[in-house]
file run29.pdb (PDB, C-alpha atoms)
MODEL        1
ATOM      1  CA  MET A   1       9.758   3.476 -25.163  1.00  0.00           C
ATOM      2  CA  THR A   2       6.555   5.492 -25.634  1.00  0.00           C
ATOM      3  CA  ARG A   3       6.934   8.778 -23.794  1.00  0.00           C
ATOM      4  CA  SER A   4       4.551   9.541 -20.971  1.00  0.00           C
ATOM      5  CA  PRO A   5       1.957  12.311 -21.041  1.00  0.00           C
ATOM      6  CA  THR A   6       2.958  15.741 -19.837  1.00  0.00           C
ATOM      7  CA  ALA A   7       3.050  16.263 -16.103  1.00  0.00           C
ATOM      8  CA  SER A   8       0.224  18.789 -16.140  1.00  0.00           C
ATOM      9  CA  ARG A   9      -1.965  16.365 -18.097  1.00  0.00           C
ATOM     10  CA  LEU A  10      -1.349  13.484 -15.712  1.00  0.00           C
ATOM     11  CA  ARG A  11      -1.919  15.609 -12.633  1.00  0.00           C
ATOM     12  CA  ASN A  12      -5.407  16.359 -13.957  1.00  0.00           C
ATOM     13  CA  LEU A  13      -6.521  12.828 -14.723  1.00  0.00           C
ATOM     14  CA  SER A  14     -10.277  12.691 -14.268  1.00  0.00           C
ATOM     15  CA  LYS A  15     -12.134  10.021 -12.364  1.00  0.00           C
ATOM     16  CA  GLY A  16     -12.204   6.738 -14.258  1.00  0.00           C
ATOM     17  CA  THR A  17      -8.981   7.352 -16.202  1.00  0.00           C
ATOM     18  CA  VAL A  18      -5.369   6.204 -15.885  1.00  0.00           C
ATOM     19  CA  SER A  19      -2.095   7.078 -17.566  1.00  0.00           C
ATOM     20  CA  PRO A  20      -1.848   5.715 -21.127  1.00  0.00           C
ATOM     21  CA  ASN A  21       1.384   4.038 -19.975  1.00  0.00           C
ATOM     22  CA  ALA A  22      -0.850   1.415 -18.358  1.00  0.00           C
ATOM     23  CA  VAL A  23      -1.536   0.238 -21.916  1.00  0.00           C
ATOM     24  CA  THR A  24       1.268   1.489 -24.132  1.00  0.00           C
ATOM     25  CA  ASP A  25       4.090   0.147 -21.966  1.00  0.00           C
ATOM     26  CA  VAL A  26       2.331  -3.202 -21.563  1.00  0.00           C
ATOM     27  CA  LEU A  27       1.736  -3.601 -25.287  1.00  0.00           C
ATOM     28  CA  ASN A  28       5.273  -2.462 -26.145  1.00  0.00           C
ATOM     29  CA  ALA A  29       6.702  -5.067 -23.753  1.00  0.00           C
ATOM     30  CA  ALA A  30       4.365  -7.721 -25.147  1.00  0.00           C
ATOM     31  CA  ARG A  31       5.493  -6.889 -28.671  1.00  0.00           C
ATOM     32  CA  GLN A  32       9.165  -7.223 -27.699  1.00  0.00           C
ATOM     33  CA  ARG A  33       8.777 -10.451 -25.733  1.00  0.00           C
ATOM     34  CA  LEU A  34       5.900 -12.249 -27.416  1.00  0.00           C
ATOM     35  CA  GLY A  35       5.572 -10.807 -30.907  1.00  0.00           C
ATOM     36  CA  GLU A  36       3.085  -8.844 -32.963  1.00  0.00           C
ATOM     37  CA  ASP A  37       0.602 -11.726 -33.277  1.00  0.00           C
ATOM     38  CA  VAL A  38       0.079 -11.785 -29.518  1.00  0.00           C
ATOM     39  CA  VAL A  39      -0.400  -8.008 -29.450  1.00  0.00           C
ATOM     40  CA  ARG A  40      -3.055  -8.267 -32.156  1.00  0.00           C
ATOM     41  CA  LEU A  41      -4.807 -11.034 -30.208  1.00  0.00           C
ATOM     42  CA  VAL A  42      -4.730  -9.015 -26.992  1.00  0.00           C
ATOM     43  CA  THR A  43      -6.012  -5.812 -28.567  1.00  0.00           C
ATOM     44  CA  ALA A  44      -8.780  -7.721 -30.361  1.00  0.00           C
ATOM     45  CA  ARG A  45      -9.920  -9.440 -27.152  1.00  0.00           C
ATOM     46  CA  ALA A  46      -9.764  -6.142 -25.272  1.00  0.00           C
ATOM     47  CA  GLU A  47     -11.649  -4.376 -28.095  1.00  0.00           C
ATOM     48  CA  LEU A  48      -8.901  -1.764 -28.331  1.00  0.00           C
ATOM     49  CA  SER A  49      -9.221  -0.205 -31.757  1.00  0.00           C
ATOM     50  CA  ALA A  50      -6.151   2.057 -31.577  1.00  0.00           C
ATOM     51  CA  MET A  51      -3.170   2.709 -29.325  1.00  0.00           C
ATOM     52  CA  PRO A  52      -3.901   5.508 -26.852  1.00  0.00           C
ATOM     53  CA  ALA A  53      -2.372   8.900 -27.540  1.00  0.00           C
ATOM     54  CA  PRO A  54       0.630   9.564 -25.272  1.00  0.00           C
ATOM     55  CA  ASP A  55      -0.815  12.918 -24.155  1.00  0.00           C
ATOM     56  CA  GLN A  56      -4.371  11.758 -23.409  1.00  0.00           C
ATOM     57  CA  PRO A  57      -5.816  10.012 -20.327  1.00  0.00           C
ATOM     58  CA  MET A  58      -6.798   6.368 -20.827  1.00  0.00           C
ATOM     59  CA  ASP A  59     -10.178   4.969 -19.873  1.00  0.00           C
ATOM     60  CA  GLU A  60      -9.592   2.844 -16.765  1.00  0.00           C
ATOM     61  CA  VAL A  61     -11.992   0.076 -17.831  1.00  0.00           C
ATOM     62  CA  GLN A  62     -10.293  -0.214 -21.222  1.00  0.00           C
ATOM     63  CA  ALA A  63      -6.846  -0.418 -19.628  1.00  0.00           C
ATOM     64  CA  VAL A  64      -8.012  -3.154 -17.258  1.00  0.00           C
ATOM     65  CA  ARG A  65      -9.422  -5.084 -20.228  1.00  0.00           C
ATOM     66  CA  VAL A  66      -6.018  -4.975 -21.950  1.00  0.00           C
ATOM     67  CA  HIS A  67      -4.299  -6.359 -18.840  1.00  0.00           C
ATOM     68  CA  ALA A  68      -6.921  -9.101 -18.482  1.00  0.00           C
ATOM     69  CA  ALA A  69      -6.665 -10.027 -22.169  1.00  0.00           C
ATOM     70  CA  LEU A  70      -2.895 -10.411 -21.925  1.00  0.00           C
ATOM     71  CA  ARG A  71      -3.155 -12.646 -18.859  1.00  0.00           C
ATOM     72  CA  GLN A  72      -5.748 -14.784 -20.640  1.00  0.00           C
ATOM     73  CA  ALA A  73      -3.745 -15.015 -23.862  1.00  0.00           C
ATOM     74  CA  GLU A  74      -0.396 -15.753 -22.185  1.00  0.00           C
ATOM     75  CA  PRO A  75      -0.967 -17.051 -18.629  1.00  0.00           C
ATOM     76  CA  GLU A  76       2.568 -18.420 -18.329  1.00  0.00           C
ATOM     77  CA  ARG A  77       4.502 -15.553 -19.904  1.00  0.00           C
ATOM     78  CA  SER A  78       2.504 -12.457 -19.028  1.00  0.00           C
ATOM     79  CA  ALA A  79       4.185 -11.876 -15.646  1.00  0.00           C
ATOM     80  CA  GLU A  80       7.524 -10.901 -17.199  1.00  0.00           C
ATOM     81  CA  VAL A  81       5.753  -8.714 -19.740  1.00  0.00           C
ATOM     82  CA  PHE A  82       3.988  -6.827 -16.954  1.00  0.00           C
ATOM     83  CA  ARG A  83       7.227  -6.478 -14.994  1.00  0.00           C
ATOM     84  CA  GLN A  84       9.114  -5.074 -17.994  1.00  0.00           C
ATOM     85  CA  ALA A  85       6.223  -2.675 -18.599  1.00  0.00           C
ATOM     86  CA  GLY A  86       6.146  -1.633 -14.939  1.00  0.00           C
ATOM     87  CA  PHE A  87       9.807  -0.668 -14.955  1.00  0.00           C
ATOM     88  CA  ALA A  88       9.261   1.282 -18.179  1.00  0.00           C
ATOM     89  CA  SER A  89       6.292   3.097 -16.629  1.00  0.00           C
ATOM     90  CA  ALA A  90       8.353   3.962 -13.545  1.00  0.00           C
ATOM     91  CA  GLU A  91      11.048   5.504 -15.741  1.00  0.00           C
ATOM     92  CA  ALA A  92       8.458   7.464 -17.693  1.00  0.00           C
ATOM     93  CA  PHE A  93       6.784   8.776 -14.547  1.00  0.00           C
ATOM     94  CA  VAL A  94      10.108   9.919 -13.101  1.00  0.00           C
ATOM     95  CA  GLU A  95      10.929  11.754 -16.326  1.00  0.00           C
ATOM     96  CA  THR A  96       7.466  13.323 -16.388  1.00  0.00           C
ATOM     97  CA  TYR A  97       7.086  14.489 -12.809  1.00  0.00           C
ATOM     98  CA  LEU A  98      10.524  14.986 -11.310  1.00  0.00           C
ATOM     99  CA  SER A  99      13.237  17.392 -12.355  1.00  0.00           C
ATOM    100  CA  LYS A 100      16.862  16.281 -12.269  1.00  0.00           C
ATOM    101  CA  LYS A 101      17.290  18.464  -9.191  1.00  0.00           C
ATOM    102  CA  ALA A 102      14.389  16.739  -7.413  1.00  0.00           C
ATOM    103  CA  GLN A 103      15.742  13.304  -8.365  1.00  0.00           C
ATOM    104  CA  ALA A 104      19.161  14.191  -6.977  1.00  0.00           C
ATOM    105  CA  MET A 105      17.629  15.502  -3.752  1.00  0.00           C
ATOM    106  CA  LEU A 106      15.613  12.308  -3.235  1.00  0.00           C
ATOM    107  CA  SER A 107      18.617  10.104  -3.952  1.00  0.00           C
ATOM    108  CA  ALA A 108      20.793  12.020  -1.486  1.00  0.00           C
ATOM    109  CA  ALA A 109      18.253  12.235   1.353  1.00  0.00           C
ATOM    110  CA  PRO A 110      18.071   9.644   4.168  1.00  0.00           C
ATOM    111  CA  TRP A 111      15.965   6.730   2.963  1.00  0.00           C
ATOM    112  CA  THR A 112      13.235   7.379   5.543  1.00  0.00           C
ATOM    113  CA  MET A 113      12.698  10.875   4.154  1.00  0.00           C
ATOM    114  CA  SER A 114      12.930   9.701   0.537  1.00  0.00           C
ATOM    115  CA  ALA A 115      10.438   6.896   1.190  1.00  0.00           C
ATOM    116  CA  TRP A 116       8.017   9.318   2.847  1.00  0.00           C
ATOM    117  CA  LEU A 117       8.284  11.768  -0.041  1.00  0.00           C
ATOM    118  CA  MET A 118       7.797   9.012  -2.611  1.00  0.00           C
ATOM    119  CA  GLY A 119       4.753   7.818  -0.687  1.00  0.00           C
ATOM    120  CA  ARG A 120       3.288  11.324  -0.841  1.00  0.00           C
ATOM    121  CA  TRP A 121       4.048  11.502  -4.568  1.00  0.00           C
ATOM    122  CA  ALA A 122       2.358   8.149  -5.208  1.00  0.00           C
ATOM    123  CA  ARG A 123      -0.739   9.129  -3.212  1.00  0.00           C
ATOM    124  CA  GLN A 124      -1.060  12.368  -5.186  1.00  0.00           C
ATOM    125  CA  HIS A 125      -0.771  10.527  -8.506  1.00  0.00           C
ATOM    126  CA  VAL A 126      -2.589   7.290  -7.722  1.00  0.00           C
ATOM    127  CA  ARG A 127      -4.975   7.713 -10.655  1.00  0.00           C
ATOM    128  CA  ALA A 128      -2.044   7.431 -13.066  1.00  0.00           C
ATOM    129  CA  PHE A 129      -1.308   3.831 -12.077  1.00  0.00           C
ATOM    130  CA  ALA A 130      -4.388   2.631 -10.163  1.00  0.00           C
ATOM    131  CA  GLY A 131      -7.395   4.598 -11.366  1.00  0.00           C
ATOM    132  CA  HIS A 132     -10.072   4.926  -8.710  1.00  0.00           C
ATOM    133  CA  ALA A 133      -8.136   2.896  -6.101  1.00  0.00           C
ATOM    134  CA  ARG A 134      -7.455   4.415  -2.685  1.00  0.00           C
ATOM    135  CA  PHE A 135      -3.769   4.677  -1.802  1.00  0.00           C
ATOM    136  CA  GLU A 136      -2.428   4.252   1.726  1.00  0.00           C
ATOM    137  CA  MET A 137       1.204   4.385   2.859  1.00  0.00           C
ATOM    138  CA  ILE A 138       0.841   2.307   6.002  1.00  0.00           C
ATOM    139  CA  ARG A 139       4.549   2.281   6.861  1.00  0.00           C
ATOM    140  CA  ASP A 140       7.665   3.821   5.343  1.00  0.00           C
ATOM    141  CA  LEU A 141       8.045   0.811   3.076  1.00  0.00           C
ATOM    142  CA  GLU A 142       4.526  -0.619   2.757  1.00  0.00           C
ATOM    143  CA  ILE A 143       1.796   0.496   0.356  1.00  0.00           C
ATOM    144  CA  GLU A 144      -1.854  -0.514   0.160  1.00  0.00           C
ATOM    145  CA  LEU A 145      -4.224  -0.089  -2.781  1.00  0.00           C
ATOM    146  CA  TRP A 146      -7.894  -0.470  -1.866  1.00  0.00           C
ATOM    147  CA  ASN A 147     -10.415  -1.246  -4.626  1.00  0.00           C
ATOM    148  CA  ASN A 148      -7.529  -1.754  -7.037  1.00  0.00           C
ATOM    149  CA  PRO A 149      -9.069  -2.161 -10.534  1.00  0.00           C
ATOM    150  CA  PHE A 150      -5.912  -3.900 -11.793  1.00  0.00           C
ATOM    151  CA  ALA A 151      -6.012  -6.572  -9.064  1.00  0.00           C
ATOM    152  CA  ALA A 152      -5.332  -9.852 -10.818  1.00  0.00           C
ATOM    153  CA  PRO A 153      -6.617 -13.292  -9.817  1.00  0.00           C
ATOM    154  CA  HIS A 154      -3.967 -14.780 -12.120  1.00  0.00           C
ATOM    155  CA  GLY A 155      -1.269 -14.927  -9.449  1.00  0.00           C
ATOM    156  CA  THR A 156      -0.860 -17.334  -6.577  1.00  0.00           C
ATOM    157  CA  ARG A 157      -1.182 -16.958  -2.820  1.00  0.00           C
ATOM    158  CA  ASP A 158       2.628 -17.027  -2.570  1.00  0.00           C
ATOM    159  CA  HIS A 159       3.006 -14.368  -5.250  1.00  0.00           C
ATOM    160  CA  PRO A 160      -0.115 -12.410  -6.241  1.00  0.00           C
ATOM    161  CA  GLY A 161      -0.391 -11.172  -9.780  1.00  0.00           C
ATOM    162  CA  CYS A 162      -0.338  -7.346  -9.865  1.00  0.00           C
ATOM    163  CA  TYR A 163       3.037  -7.485 -11.582  1.00  0.00           C
ATOM    164  CA  TRP A 164       2.812  -4.169 -13.444  1.00  0.00           C
ATOM    165  CA  GLN A 165       2.182  -2.156 -10.281  1.00  0.00           C
ATOM    166  CA  GLU A 166       4.698  -4.219  -8.329  1.00  0.00           C
ATOM    167  CA  ALA A 167       7.463  -3.441 -10.829  1.00  0.00           C
ATOM    168  CA  LEU A 168       6.371   0.184 -11.126  1.00  0.00           C
ATOM    169  CA  PHE A 169       6.715   0.691  -7.359  1.00  0.00           C
ATOM    170  CA  GLU A 170      10.022  -1.172  -7.334  1.00  0.00           C
ATOM    171  CA  GLY A 171      11.405   0.968 -10.144  1.00  0.00           C
ATOM    172  CA  LEU A 172      10.383   4.220  -8.456  1.00  0.00           C
ATOM    173  CA  PHE A 173      11.709   3.345  -5.014  1.00  0.00           C
ATOM    174  CA  ARG A 174      14.834   1.594  -6.267  1.00  0.00           C
ATOM    175  CA  ASP A 175      15.841   4.574  -8.370  1.00  0.00           C
ATOM    176  CA  LEU A 176      14.974   7.313  -5.876  1.00  0.00           C
ATOM    177  CA  VAL A 177      15.078   5.771  -2.379  1.00  0.00           C
ATOM    178  CA  ASP A 178      17.539   2.848  -2.306  1.00  0.00           C
ATOM    179  CA  PRO A 179      18.938   0.833  -5.249  1.00  0.00           C
ATOM    180  CA  HIS A 180      18.818  -2.363  -3.179  1.00  0.00           C
ATOM    181  CA  LEU A 181      15.050  -2.296  -2.610  1.00  0.00           C
ATOM    182  CA  ILE A 182      12.773  -4.830  -4.230  1.00  0.00           C
ATOM    183  CA  CYS A 183       8.980  -4.739  -4.086  1.00  0.00           C
ATOM    184  CA  ARG A 184       6.735  -7.723  -3.470  1.00  0.00           C
ATOM    185  CA  GLU A 185       2.960  -7.877  -3.388  1.00  0.00           C
ATOM    186  CA  MET A 186       1.960  -9.535  -0.124  1.00  0.00           C
ATOM    187  CA  THR A 187      -1.855  -9.560  -0.346  1.00  0.00           C
ATOM    188  CA  CYS A 188      -4.181  -8.964  -3.286  1.00  0.00           C
ATOM    189  CA  VAL A 189      -7.821  -8.106  -3.878  1.00  0.00           C
ATOM    190  CA  GLY A 190      -7.703 -10.641  -6.698  1.00  0.00           C
ATOM    191  CA  GLN A 191      -6.991 -13.336  -4.107  1.00  0.00           C
ATOM    192  CA  GLY A 192      -9.869 -12.240  -1.884  1.00  0.00           C
ATOM    193  CA  ASP A 193      -7.923  -9.883   0.404  1.00  0.00           C
ATOM    194  CA  ASP A 194      -9.223  -6.483   1.467  1.00  0.00           C
ATOM    195  CA  ALA A 195      -6.412  -4.605  -0.286  1.00  0.00           C
ATOM    196  CA  CYS A 196      -3.384  -5.098  -2.481  1.00  0.00           C
ATOM    197  CA  ARG A 197      -0.432  -4.623  -0.129  1.00  0.00           C
ATOM    198  CA  PHE A 198       3.075  -4.063  -1.464  1.00  0.00           C
ATOM    199  CA  ALA A 199       6.141  -4.309   0.783  1.00  0.00           C
ATOM    200  CA  PHE A 200       9.656  -3.125   0.006  1.00  0.00           C
ATOM    201  CA  ILE A 201      12.430  -5.492   1.034  1.00  0.00           C
ATOM    202  CA  LEU A 202      16.138  -4.774   1.205  1.00  0.00           C
ATOM    203  CA  ASN A 203      17.999  -7.117  -1.127  1.00  0.00           C
ATOM    204  CA  SER A 204      21.125  -7.896   0.877  1.00  0.00           C
ATOM    205  CA  GLY A 205      22.577  -9.822  -2.063  1.00  0.00           C
TER     206      GLY A 205
ENDMDL
END

call {"tool": "encode", "arguments": {"input": "run29.pdb", "output": "structure tokens"}}
result
Amino acid sequence: MTRSPTASRLRNLSKGTVSPNAVTDVLNAARQRLGEDVVRLVTARAELSAMPAPDQPMDEVQAVRVHAALRQAEPERSAEVFRQAGFASAEAFVETYLSKKAQAMLSAAPWTMSAWLMGRWARQHVRAFAGHARFEMIRDLEIELWNNPFAAPHGTRDHPGCYWQEALFEGLFRDLVDPHLICREMTCVGQGDDACRFAFILNSG
């Protein structure tokens, strides 16, 4: 897996940029699941001339173009690519931002405290995974992204299509809040809603 940028670099993402993981993890997952020909097609359609450097911010518009190109090239298979990439991005962000001591503290704390702390972390680092979007933690286990540039009209009303962010949130909260949590996008800007809303559900199975 491509390693994430340094924590200090990501904390200082400027307006209009996102973490390079928004592209590198997606293209790595696409290469593993769909093959090099699909990656070449996606990068050509997105006009991406070179893979982003792991220690440099990524232009938000360029990252969104890569996501859109993958959905257009592989409408039936892109969801699982985005989910694999989202889990990889979650792992990279944890390694980048949180020491082993902090991870252990979050895992040991009551889930309400862990969820609140993770919500604060996500709000502070929203540019890394959502660019200029506004982040709101509306409940302990519900997140909203307003003006989400990655909002995808490719999904359905029953399951909107922001799969990368959905899996990223699930990976973060499952690893550090409760291993039985799953994340589902409930509303989506790409479907005409005011915000992309993600809810965490306890998987009793």

call {"tool": "closest_residue", "arguments": {"input": "run29.pdb", "among": "A:Glu60, A:Val177, A:Ala68, A:Trp121", "to": "Met105 in chain A", "atoms": "all atoms listed in the file"}}
result
A:Val177

call {"tool": "atom_distance", "arguments": {"input": "run29.pdb", "atom1": "CA of Thr187 in chain A", "atom2": "CA of Glu144 in chain A"}}
result
9.1 Å

call {"tool": "closest_residue", "arguments": {"input": "run29.pdb", "among": "A:Arg174, A:Ser114, A:Arg127, A:Met186", "to": "Ile143 in chain A", "atoms": "all atoms listed in the file"}}
result
A:Met186

call {"tool": "atom_distance", "arguments": {"input": "run29.pdb", "atom1": "CA of His125 in chain A", "atom2": "CA of Val26 in chain A"}}
result
19.2 Å

call {"tool": "closest_residue", "arguments": {"input": "run29.pdb", "among": "A:Leu176, A:Ala73, A:Leu48, A:Leu141", "to": "Glu91 in chain A", "atoms": "all atoms listed in the file"}}
result
A:Leu176

call {"tool": "residues_around", "arguments": {"input": "run29.pdb", "residues": "Val39 in chain A", "least_positions_apart": "6", "cutoff": "10 Å", "atoms": "all atoms listed in the file", "output": "number ranges by chain"}}
result
A: 26-32, 45, 66, 69-70, 73

call {"tool": "residues_around", "arguments": {"input": "run29.pdb", "residues": "Arg71 in chain A", "least_positions_apart": "3", "cutoff": "12 Å", "atoms": "all atoms listed in the file", "output": "PyMOL selection string"}}
result
chain A and resi 26+30+38-39+41-42+45-46+64-68+74-82+150-155+161-164

call {"tool": "closest_residue", "arguments": {"input": "run29.pdb", "among": "A:Ser99, A:Ser107, A:Gln62, A:Gln165", "to": "Val23 in chain A", "atoms": "only C-alpha atoms"}}
result
A:Gln62

call {"tool": "closest_residue", "arguments": {"input": "run29.pdb", "among": "A:Ala167, A:Ile182, A:Ala50, A:Ala92", "to": "Ala128 in chain A", "atoms": "all atoms listed in the file"}}
result
A:Ala92

call {"tool": "closest_residue", "arguments": {"input": "run29.pdb", "among": "A:Pro57, A:Gly16, A:Gly86, A:Gly190", "to": "Leu168 in chain A", "atoms": "all atoms listed in the file"}}
result
A:Gly86

call {"tool": "atom_distance", "arguments": {"input": "run29.pdb", "atom1": "CA of Asp55 in chain A", "atom2": "CA of Ala22 in chain A"}}
result
12.9 Å

call {"tool": "resolve_selection", "arguments": {"input": "run29.pdb", "expression": "the PyMOL selection byres ((chain A and resi 146) around 8)", "output": "list in words"}}
result
Ala133, Arg134, Phe135, Glu144, Leu145, Asn147, Asn148, Val189, Asp194, Ala195 and Cys196 of chain A

call {"tool": "resolve_selection", "arguments": {"input": "run29.pdb", "expression": "the PyMOL selection byres ((chain A and resi 137) around 10)", "output": "JSON list (two decimals) with C-alpha atoms, keeping the file's coordinate frame"}}
result
[["chain", "number", "residue", "atom", "x", "y", "z"],
["A", 115, "ALA", "CA", 10.44, 6.90, 1.19],
["A", 116, "TRP", "CA", 8.02, 9.32, 2.85],
["A", 118, "MET", "CA", 7.80, 9.01, -2.61],
["A", 119, "GLY", "CA", 4.75, 7.82, -0.69],
["A", 120, "ARG", "CA", 3.29, 11.32, -0.84],
["A", 122, "ALA", "CA", 2.36, 8.15, -5.21],
["A", 123, "ARG", "CA", -0.74, 9.13, -3.21],
["A", 135, "PHE", "CA", -3.77, 4.68, -1.80],
["A", 136, "GLU", "CA", -2.43, 4.25, 1.73],
["A", 138, "ILE", "CA", 0.84, 2.31, 6.00],
["A", 139, "ARG", "CA", 4.55, 2.28, 6.86],
["A", 140, "ASP", "CA", 7.66, 3.82, 5.34],
["A", 141, "LEU", "CA", 8.04, 0.81, 3.08],
["A", 142, "GLU", "CA", 4.53, -0.62, 2.76],
["A", 143, "ILE", "CA", 1.80, 0.50, 0.36],
["A", 144, "GLU", "CA", -1.85, -0.51, 0.16],
["A", 145, "LEU", "CA", -4.22, -0.09, -2.78],
["A", 197, "ARG", "CA", -0.43, -4.62, -0.13],
["A", 198, "PHE", "CA", 3.08, -4.06, -1.46]]

call {"tool": "axis_aligned_box", "arguments": {"input": "run29.pdb", "around": "range 78-88 of chain A", "padding_each_side": "6 Å", "output": "JSON"}}
result
{"center_x": 6.2, "center_y": -5.6, "center_z": -17.3, "size_x": 19.3, "size_y": 25.7, "size_z": 16.8}
